[in-house]
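What follows is my_file_26.cif (mmCIF, C-alpha atoms and all ligand atoms; chains and numbers go by the auth columns).
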```cif
data_run
#
loop_
_atom_site.group_PDB
_atom_site.id
_atom_site.type_symbol
_atom_site.label_atom_id
_atom_site.label_comp_id
_atom_site.label_asym_id
_atom_site.label_seq_id
_atom_site.Cartn_x
_atom_site.Cartn_y
_atom_site.Cartn_z
_atom_site.B_iso_or_equiv
_atom_site.auth_seq_id
_atom_site.auth_asym_id
ATOM 1 C CA MET A 1 -91.940 143.322 85.752 0.00 1 A
ATOM 2 C CA PRO A 2 -88.855 141.109 86.330 0.00 2 A
ATOM 3 C CA SER A 3 -85.909 143.261 87.339 0.00 3 A
ATOM 4 C CA SER A 4 -83.730 141.961 84.439 0.00 4 A
ATOM 5 C CA LEU A 5 -86.404 143.062 81.979 0.00 5 A
ATOM 6 C CA ALA A 6 -86.715 146.457 83.604 0.00 6 A
ATOM 7 C CA PHE A 7 -82.946 146.781 83.433 0.00 7 A
ATOM 8 C CA ALA A 8 -82.893 145.852 79.742 0.00 8 A
ATOM 9 C CA ARG A 9 -85.586 148.420 79.031 0.00 9 A
ATOM 10 C CA ARG A 10 -83.733 151.117 80.954 0.00 10 A
ATOM 11 C CA LYS A 11 -80.487 150.227 79.186 0.00 11 A
ATOM 12 C CA ASN A 12 -81.835 150.491 75.673 0.00 12 A
ATOM 13 C CA ARG A 13 -85.362 151.711 75.250 0.00 13 A
ATOM 14 C CA SER A 14 -85.233 151.310 71.487 0.00 14 A
ATOM 15 C CA LEU A 15 -84.982 147.488 71.716 0.00 15 A
ATOM 16 C CA PRO A 16 -88.263 145.666 72.292 0.00 16 A
ATOM 17 C CA VAL A 17 -87.346 142.985 74.802 0.00 17 A
ATOM 18 C CA LEU A 18 -89.938 140.381 75.681 0.00 18 A
ATOM 19 C CA GLN A 19 -89.703 137.206 77.662 0.00 19 A
ATOM 20 C CA ARG A 20 -91.499 134.023 76.833 0.00 20 A
ATOM 21 C CA PHE A 21 -90.645 130.404 77.636 0.00 21 A
ATOM 22 C CA GLY A 22 -87.411 131.664 79.139 0.00 22 A
ATOM 23 C CA THR A 23 -86.204 132.845 75.726 0.00 23 A
ATOM 24 C CA VAL A 24 -85.293 136.472 75.268 0.00 24 A
ATOM 25 C CA LEU A 25 -86.824 138.009 72.194 0.00 25 A
ATOM 26 C CA ILE A 26 -84.757 140.832 70.800 0.00 26 A
ATOM 27 C CA SER A 27 -85.841 142.940 67.833 0.00 27 A
ATOM 28 C CA GLY A 28 -88.723 140.598 67.067 0.00 28 A
ATOM 29 C CA VAL A 29 -86.600 137.467 66.443 0.00 29 A
ATOM 30 C CA MET A 30 -87.710 134.568 68.584 0.00 30 A
ATOM 31 C CA LYS A 31 -85.081 131.844 68.649 0.00 31 A
ATOM 32 C CA LYS A 32 -86.370 128.284 68.501 0.00 32 A
ATOM 33 C CA ARG A 33 -84.673 126.088 71.034 0.00 33 A
ATOM 34 C CA ILE A 34 -83.087 122.888 69.762 0.00 34 A
ATOM 35 C CA GLY A 35 -82.118 119.918 71.917 0.00 35 A
ATOM 36 C CA VAL A 36 -79.457 117.679 70.370 0.00 36 A
ATOM 37 C CA LEU A 37 -79.223 114.063 71.488 0.00 37 A
ATOM 38 C CA LEU A 38 -76.071 112.100 70.680 0.00 38 A
ATOM 39 C CA SER A 39 -74.174 109.013 71.741 0.00 39 A
ATOM 40 C CA GLY A 40 -70.853 109.366 69.942 0.00 40 A
ATOM 41 C CA ARG A 41 -68.596 111.473 67.734 0.00 41 A
ATOM 42 C CA GLY A 42 -71.023 114.354 67.212 0.00 42 A
ATOM 43 C CA SER A 43 -70.094 115.568 63.723 0.00 43 A
ATOM 44 C CA ASN A 44 -73.759 116.170 62.840 0.00 44 A
ATOM 45 C CA PHE A 45 -74.187 118.154 66.056 0.00 45 A
ATOM 46 C CA GLU A 46 -71.135 120.210 65.070 0.00 46 A
ATOM 47 C CA ALA A 47 -72.573 120.801 61.601 0.00 47 A
ATOM 48 C CA LEU A 48 -75.777 122.162 63.158 0.00 48 A
ATOM 49 C CA ALA A 49 -73.836 124.298 65.630 0.00 49 A
ATOM 50 C CA ASP A 50 -71.642 125.618 62.788 0.00 50 A
ATOM 51 C CA SER A 51 -74.762 126.457 60.772 0.00 51 A
ATOM 52 C CA ILE A 52 -76.188 128.421 63.686 0.00 52 A
ATOM 53 C CA ASP A 53 -72.896 130.263 64.196 0.00 53 A
ATOM 54 C CA ALA A 54 -72.723 131.057 60.472 0.00 54 A
ATOM 55 C CA GLY A 55 -76.289 132.384 60.357 0.00 55 A
ATOM 56 C CA ARG A 56 -77.644 129.552 58.204 0.00 56 A
ATOM 57 C CA LEU A 57 -80.239 128.818 60.906 0.00 57 A
ATOM 58 C CA PRO A 58 -81.018 132.373 61.920 0.00 58 A
ATOM 59 C CA ASN A 59 -83.965 131.556 64.162 0.00 59 A
ATOM 60 C CA ALA A 60 -82.384 128.700 66.103 0.00 60 A
ATOM 61 C CA GLU A 61 -80.224 128.156 69.130 0.00 61 A
ATOM 62 C CA ILE A 62 -78.985 125.000 70.810 0.00 62 A
ATOM 63 C CA ALA A 63 -80.510 124.854 74.273 0.00 63 A
ATOM 64 C CA ILE A 64 -78.890 121.598 75.360 0.00 64 A
ATOM 65 C CA VAL A 65 -76.711 118.762 74.068 0.00 65 A
ATOM 66 C CA LEU A 66 -77.636 115.602 75.873 0.00 66 A
ATOM 67 C CA SER A 67 -76.062 112.156 75.782 0.00 67 A
ATOM 68 C CA ASN A 68 -76.817 108.745 77.191 0.00 68 A
ATOM 69 C CA ARG A 69 -73.081 108.015 77.227 0.00 69 A
ATOM 70 C CA GLU A 70 -70.530 109.496 79.567 0.00 70 A
ATOM 71 C CA GLY A 71 -67.432 110.280 77.548 0.00 71 A
ATOM 72 C CA ALA A 72 -69.217 110.675 74.204 0.00 72 A
ATOM 73 C CA PRO A 73 -66.807 112.837 72.151 0.00 73 A
ATOM 74 C CA GLY A 74 -69.745 114.956 70.963 0.00 74 A
ATOM 75 C CA ILE A 75 -70.425 116.058 74.553 0.00 75 A
ATOM 76 C CA GLU A 76 -66.838 117.197 74.937 0.00 76 A
ATOM 77 C CA LYS A 77 -67.126 119.150 71.681 0.00 77 A
ATOM 78 C CA ALA A 78 -70.307 120.823 72.949 0.00 78 A
ATOM 79 C CA ARG A 79 -68.629 121.754 76.252 0.00 79 A
ATOM 80 C CA THR A 80 -65.721 123.267 74.349 0.00 80 A
ATOM 81 C CA ARG A 81 -68.197 125.425 72.440 0.00 81 A
ATOM 82 C CA GLY A 82 -69.646 126.633 75.722 0.00 82 A
ATOM 83 C CA LEU A 83 -73.017 124.956 75.217 0.00 83 A
ATOM 84 C CA THR A 84 -75.150 123.485 77.969 0.00 84 A
ATOM 85 C CA THR A 85 -74.585 119.734 78.180 0.00 85 A
ATOM 86 C CA GLN A 86 -76.026 116.914 80.204 0.00 86 A
ATOM 87 C CA VAL A 87 -75.263 113.217 80.427 0.00 87 A
ATOM 88 C CA ILE A 88 -78.005 110.899 81.618 0.00 88 A
ATOM 89 C CA PRO A 89 -76.556 107.375 81.621 0.00 89 A
ATOM 90 C CA SER A 90 -79.021 104.899 80.193 0.00 90 A
ATOM 91 C CA LYS A 91 -77.330 101.799 81.521 0.00 91 A
ATOM 92 C CA GLY A 92 -79.612 99.634 83.634 0.00 92 A
ATOM 93 C CA LEU A 93 -82.775 101.636 82.940 0.00 93 A
ATOM 94 C CA GLU A 94 -85.815 100.447 80.987 0.00 94 A
ATOM 95 C CA ARG A 95 -86.663 102.451 77.886 0.00 95 A
ATOM 96 C CA GLU A 96 -89.625 104.427 79.194 0.00 96 A
ATOM 97 C CA PRO A 97 -88.299 105.427 82.645 0.00 97 A
ATOM 98 C CA TYR A 98 -85.117 106.529 80.930 0.00 98 A
ATOM 99 C CA ASP A 99 -86.996 108.532 78.316 0.00 99 A
ATOM 100 C CA ARG A 100 -89.024 110.250 81.044 0.00 100 A
ATOM 101 C CA LEU A 101 -85.772 111.596 82.478 0.00 101 A
ATOM 102 C CA VAL A 102 -84.652 112.813 79.053 0.00 102 A
ATOM 103 C CA VAL A 103 -88.014 114.420 78.239 0.00 103 A
ATOM 104 C CA ALA A 104 -87.961 116.193 81.628 0.00 104 A
ATOM 105 C CA ALA A 105 -84.447 117.512 80.928 0.00 105 A
ATOM 106 C CA LEU A 106 -85.503 118.771 77.486 0.00 106 A
ATOM 107 C CA ARG A 107 -88.638 120.404 78.886 0.00 107 A
ATOM 108 C CA GLU A 108 -86.610 122.042 81.607 0.00 108 A
ATOM 109 C CA LYS A 109 -84.583 123.724 78.858 0.00 109 A
ATOM 110 C CA LYS A 110 -87.750 124.692 76.937 0.00 110 A
ATOM 111 C CA VAL A 111 -86.702 122.656 73.916 0.00 111 A
ATOM 112 C CA GLU A 112 -89.032 122.897 70.907 0.00 112 A
ATOM 113 C CA LEU A 113 -87.232 120.707 68.365 0.00 113 A
ATOM 114 C CA VAL A 114 -85.258 117.559 69.194 0.00 114 A
ATOM 115 C CA CYS A 115 -82.476 116.593 66.781 0.00 115 A
ATOM 116 C CA LEU A 116 -81.098 113.088 67.081 0.00 116 A
ATOM 117 C CA ALA A 117 -77.511 113.088 65.883 0.00 117 A
ATOM 118 C CA GLY A 118 -76.028 109.628 66.224 0.00 118 A
ATOM 119 C CA TYR A 119 -78.264 108.877 69.219 0.00 119 A
ATOM 120 C CA MET A 120 -78.146 105.115 69.565 0.00 120 A
ATOM 121 C CA ARG A 121 -81.523 104.507 71.159 0.00 121 A
ATOM 122 C CA LEU A 122 -85.056 103.820 70.015 0.00 122 A
ATOM 123 C CA LEU A 123 -87.520 106.311 71.479 0.00 123 A
ATOM 124 C CA SER A 124 -90.477 105.197 73.588 0.00 124 A
ATOM 125 C CA PRO A 125 -94.064 106.239 72.752 0.00 125 A
ATOM 126 C CA HIS A 126 -93.855 108.593 75.756 0.00 126 A
ATOM 127 C CA PHE A 127 -90.926 110.449 74.198 0.00 127 A
ATOM 128 C CA VAL A 128 -92.473 110.605 70.720 0.00 128 A
ATOM 129 C CA ALA A 129 -95.769 111.913 72.126 0.00 129 A
ATOM 130 C CA ALA A 130 -93.947 114.604 74.114 0.00 130 A
ATOM 131 C CA PHE A 131 -92.686 116.311 70.906 0.00 131 A
ATOM 132 C CA PRO A 132 -95.259 115.565 68.207 0.00 132 A
ATOM 133 C CA GLN A 133 -93.634 115.939 64.775 0.00 133 A
ATOM 134 C CA HIS A 134 -90.796 117.791 66.463 0.00 134 A
ATOM 135 C CA ILE A 135 -88.156 115.063 66.584 0.00 135 A
ATOM 136 C CA LEU A 136 -85.769 114.661 63.654 0.00 136 A
ATOM 137 C CA ASN A 137 -83.143 112.010 62.939 0.00 137 A
ATOM 138 C CA ILE A 138 -80.404 111.699 60.360 0.00 138 A
ATOM 139 C CA HIS A 139 -79.670 108.248 58.976 0.00 139 A
ATOM 140 C CA PRO A 140 -76.867 107.271 56.558 0.00 140 A
ATOM 141 C CA SER A 141 -78.946 105.491 53.928 0.00 141 A
ATOM 142 C CA LEU A 142 -81.724 106.179 51.475 0.00 142 A
ATOM 143 C CA LEU A 143 -84.541 104.978 53.714 0.00 143 A
ATOM 144 C CA PRO A 144 -86.499 102.757 53.705 0.00 144 A
ATOM 145 C CA ALA A 145 -83.447 100.846 52.397 0.00 145 A
ATOM 146 C CA PHE A 146 -80.890 99.735 54.954 0.00 146 A
ATOM 147 C CA PRO A 147 -82.261 100.866 58.333 0.00 147 A
ATOM 148 C CA GLY A 148 -80.377 100.033 61.521 0.00 148 A
ATOM 149 C CA LEU A 149 -76.656 99.711 62.027 0.00 149 A
ATOM 150 C CA GLU A 150 -73.869 99.738 59.429 0.00 150 A
ATOM 151 C CA SER A 151 -76.101 100.987 56.649 0.00 151 A
ATOM 152 C CA GLN A 152 -73.144 101.893 54.465 0.00 152 A
ATOM 153 C CA ARG A 153 -71.758 98.336 54.676 0.00 153 A
ATOM 154 C CA GLN A 154 -75.252 96.940 54.037 0.00 154 A
ATOM 155 C CA ALA A 155 -75.559 99.070 50.882 0.00 155 A
ATOM 156 C CA ILE A 156 -72.193 97.945 49.496 0.00 156 A
ATOM 157 C CA GLU A 157 -72.793 94.280 50.295 0.00 157 A
ATOM 158 C CA HIS A 158 -76.245 94.426 48.737 0.00 158 A
ATOM 159 C CA GLY A 159 -74.685 95.697 45.517 0.00 159 A
ATOM 160 C CA ALA A 160 -76.538 99.010 45.476 0.00 160 A
ATOM 161 C CA LYS A 161 -75.224 101.565 42.968 0.00 161 A
ATOM 162 C CA PHE A 162 -76.348 104.571 44.999 0.00 162 A
ATOM 163 C CA ALA A 163 -76.379 105.323 48.696 0.00 163 A
ATOM 164 C CA GLY A 164 -77.178 108.465 50.619 0.00 164 A
ATOM 165 C CA CYS A 165 -78.725 109.883 53.725 0.00 165 A
ATOM 166 C CA THR A 166 -82.168 110.713 55.057 0.00 166 A
ATOM 167 C CA VAL A 167 -83.547 113.230 57.521 0.00 167 A
ATOM 168 C CA HIS A 168 -86.854 111.969 58.853 0.00 168 A
ATOM 169 C CA PHE A 169 -89.376 112.593 61.590 0.00 169 A
ATOM 170 C CA VAL A 170 -89.008 110.098 64.386 0.00 170 A
ATOM 171 C CA ASP A 171 -91.644 107.655 65.546 0.00 171 A
ATOM 172 C CA GLU A 172 -91.384 104.613 67.831 0.00 172 A
ATOM 173 C CA ASN A 173 -90.058 102.386 65.051 0.00 173 A
ATOM 174 C CA LEU A 174 -86.491 102.099 63.841 0.00 174 A
ATOM 175 C CA ASP A 175 -85.602 104.667 61.138 0.00 175 A
ATOM 176 C CA ALA A 176 -89.211 104.609 59.985 0.00 176 A
ATOM 177 C CA GLY A 177 -90.871 108.036 60.300 0.00 177 A
ATOM 178 C CA PRO A 178 -91.894 110.353 57.421 0.00 178 A
ATOM 179 C CA ILE A 179 -88.997 111.464 55.228 0.00 179 A
ATOM 180 C CA VAL A 180 -88.203 115.183 55.213 0.00 180 A
ATOM 181 C CA MET A 181 -85.142 115.233 52.963 0.00 181 A
ATOM 182 C CA GLN A 182 -82.678 112.907 51.253 0.00 182 A
ATOM 183 C CA ALA A 183 -79.382 113.207 49.398 0.00 183 A
ATOM 184 C CA CYS A 184 -77.904 110.643 47.062 0.00 184 A
ATOM 185 C CA VAL A 185 -74.266 109.667 46.437 0.00 185 A
ATOM 186 C CA PRO A 186 -72.840 107.074 44.016 0.00 186 A
ATOM 187 C CA ILE A 187 -71.264 103.863 45.277 0.00 187 A
ATOM 188 C CA GLU A 188 -67.930 103.331 43.520 0.00 188 A
ATOM 189 C CA ASP A 189 -66.556 99.852 42.832 0.00 189 A
ATOM 190 C CA ALA A 190 -63.571 100.446 45.101 0.00 190 A
ATOM 191 C CA ASP A 191 -65.604 101.780 48.021 0.00 191 A
ATOM 192 C CA THR A 192 -65.073 100.445 51.507 0.00 192 A
ATOM 193 C CA PRO A 193 -67.696 101.223 54.178 0.00 193 A
ATOM 194 C CA GLU A 194 -65.325 103.871 55.560 0.00 194 A
ATOM 195 C CA VAL A 195 -64.839 105.635 52.221 0.00 195 A
ATOM 196 C CA LEU A 196 -68.566 105.543 51.470 0.00 196 A
ATOM 197 C CA SER A 197 -69.376 106.772 54.991 0.00 197 A
ATOM 198 C CA GLU A 198 -67.198 109.840 54.464 0.00 198 A
ATOM 199 C CA ARG A 199 -68.910 110.643 51.158 0.00 199 A
ATOM 200 C CA ILE A 200 -72.342 110.274 52.769 0.00 200 A
ATOM 201 C CA LEU A 201 -71.348 112.250 55.864 0.00 201 A
ATOM 202 C CA ARG A 202 -70.594 115.358 53.804 0.00 202 A
ATOM 203 C CA GLN A 203 -74.185 115.227 52.545 0.00 203 A
ATOM 204 C CA GLU A 204 -75.541 114.515 56.040 0.00 204 A
ATOM 205 C CA HIS A 205 -74.015 117.723 57.348 0.00 205 A
ATOM 206 C CA ARG A 206 -75.549 119.686 54.483 0.00 206 A
ATOM 207 C CA ILE A 207 -79.099 118.320 54.508 0.00 207 A
ATOM 208 C CA TYR A 208 -79.543 118.209 58.288 0.00 208 A
ATOM 209 C CA THR A 209 -79.274 121.986 58.414 0.00 209 A
ATOM 210 C CA GLU A 210 -81.640 122.372 55.444 0.00 210 A
ATOM 211 C CA ALA A 211 -84.221 120.059 56.983 0.00 211 A
ATOM 212 C CA VAL A 212 -84.029 121.722 60.405 0.00 212 A
ATOM 213 C CA ARG A 213 -84.547 125.083 58.769 0.00 213 A
ATOM 214 C CA ILE A 214 -87.632 123.908 56.884 0.00 214 A
ATOM 215 C CA VAL A 215 -89.155 122.329 59.984 0.00 215 A
ATOM 216 C CA LEU A 216 -88.431 125.340 62.197 0.00 216 A
ATOM 217 C CA GLU A 217 -89.972 127.636 59.608 0.00 217 A
ATOM 218 C CA GLY A 218 -92.982 125.297 59.319 0.00 218 A
ATOM 219 C CA ARG A 219 -92.393 125.355 55.568 0.00 219 A
ATOM 220 C CA TYR A 220 -94.017 121.979 54.821 0.00 220 A
ATOM 221 C CA ARG A 221 -97.299 120.197 54.960 0.00 221 A
ATOM 222 C CA MET A 222 -98.134 116.558 55.548 0.00 222 A
ATOM 223 C CA ASP A 223 -100.016 114.473 53.016 0.00 223 A
ATOM 224 C CA GLY A 224 -100.310 111.091 54.726 0.00 224 A
ATOM 225 C CA ARG A 225 -96.687 110.033 55.174 0.00 225 A
ATOM 226 C CA ARG A 226 -95.459 112.532 52.604 0.00 226 A
ATOM 227 C CA VAL A 227 -93.704 115.678 53.787 0.00 227 A
ATOM 228 C CA LEU A 228 -94.387 118.237 51.082 0.00 228 A
ATOM 229 C CA ILE A 229 -91.936 121.105 51.255 0.00 229 A
ATOM 230 C CA GLN A 230 -93.192 124.523 50.288 0.00 230 A
ATOM 231 C CA PRO A 231 -91.008 126.966 48.403 0.00 231 A
HETATM 232 C C1 LIG B . -74.192 109.452 61.293 0.00 1 B
HETATM 233 O O1 LIG B . -73.781 108.694 60.193 0.00 1 B
HETATM 234 C C2 LIG B . -75.693 109.496 61.356 0.00 1 B
HETATM 235 O O2 LIG B . -76.305 109.457 60.116 0.00 1 B
HETATM 236 C C3 LIG B . -76.037 108.233 62.125 0.00 1 B
HETATM 237 O O3 LIG B . -75.004 108.117 63.084 0.00 1 B
HETATM 238 C C4 LIG B . -73.842 108.781 62.605 0.00 1 B
HETATM 239 C C5 LIG B . -73.481 109.771 63.638 0.00 1 B
HETATM 240 O O4 LIG B . -72.297 110.455 63.321 0.00 1 B
HETATM 241 N N1 LIG B . -77.327 108.313 62.723 0.00 1 B
HETATM 242 P P1 LIG B . -71.896 111.737 64.132 0.00 1 B
HETATM 243 O O5 LIG B . -71.843 111.326 65.608 0.00 1 B
HETATM 244 O O6 LIG B . -72.923 112.787 63.882 0.00 1 B
HETATM 245 O O7 LIG B . -70.545 112.124 63.635 0.00 1 B
#
```

What is this structure when it is put down as structure tokens?
Ligand code: GRF
Amino acid sequence: MPSSLAFARRKNRSLPVLQRFGTVLISGVMKKRIGVLLSGRGSNFEALADSIDAGRLPNAEIAIVLSNREGAPGIEKARTRGLTTQVIPSKGLEREPYDRLVVAALREKKVELVCLAGYMRLLSPHFVAAFPQHILNIHPSLLPAFPGLESQRQAIEHGAKFAGCTVHFVDENLDAGPIVMQACVPIEDADTPEVLSERILRQEHRIYTEAVRIVLEGRYRMDGRRVLIQP
């Protein structure tokens, strides 16, 4: 028996303490380990971290916050919260060799669910295959409308009356995987991309937590591309 486990048992015999995948299981609650990938500001990462702190994701913990960009503000925010962070600069590397480094870093931390949160890279087939149906992304439009960059500006310029956000499973294609959850907001006549982005962002922070919870609980089933959420 590992000495730390023996110590824990001696210290409090009433607590069942088990070890698996490097996670400590206390009182029967196994925490699922999330890896957050970001390239920028990190407000969606913060929303997830806040939800964990507030008990809205009771079975989750953030195992690592990883960025392809040195100096990404989200990484600084994660450090301030005392979370494990890692920067793997992507500059100069081809997609797949880079993704192999990232997948290795996530595996090293025993990550079970990958949450992209403003991660500005397409994933290679190697990455997608490493976490089957366990990679989520949040996108600021009602997919499949307005994938890619500046979705809020695209929606306004197109003349759409509603915009929103989407949490979806990630595949190799841009903003294209099966949709887990969406939220809708109106587009007002006076909206600028910045004003609309703020309105959408409030919904992003709300639904990302909800979607992560459903996926971690396995409370859905697939019907082709459809993600059917169970009550
Ligand atoms: C969000 O709008 C998200 O939907 C998109 O990139 C933005 C990231 O913002 N994928 P933040 O870094 O989470 O604040």

Task: Residue neighbourhood Val87 (chain A), 6 Å, all atoms listed in the file, exclusion window fewer than 3 positions, as a VMD selection string - done: chain A and resid 66 to 68

Task: At most 7 Å from ligand LIG 1 (chain B) (all atoms listed in the file): residue list as a PyMOL selection string - done: chain A and resi 38-45+74+117-119+137-140+165+201+204

Open item on the list: Selection in question (the file shown): the PyMOL selection byres (((chain A and resi 125) around 10) and not hetatm). Which residues does it include, as a PyMOL selection string?
Closed with: chain A and resi 95-96+99+122-124+126-130+171-173

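One finds CA of Val167 (chain A) at 13.9 Å from CA of Tyr220 (chain A).
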
Task: Coordinates-based distance that separates CA of Thr166 (chain A) from CA of Ala183 (chain A) (Å, one decimal) - done: 6.8 Å

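Here CA of Pro89 (chain A) and CA of Glu194 (chain A) stand 28.6 Å from one another.
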
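For the point (-92.9, 109.8, 54.8), the residues with an atom at a distance of at most 7 Å are Gly177, Pro178, Ile179, Arg225, Arg226 and Val227 of chain A, counting only C-alpha atoms.
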
Open item on the list: Since I can't run it myself right now, could you work out what the PyMOL selection byres (((chain A and resi 150-154) around 12) and not hetatm) selects here and report it as a PyMOL selection string?
Closed with: chain A and resi 139-149+155-166+175+185-187+191-201
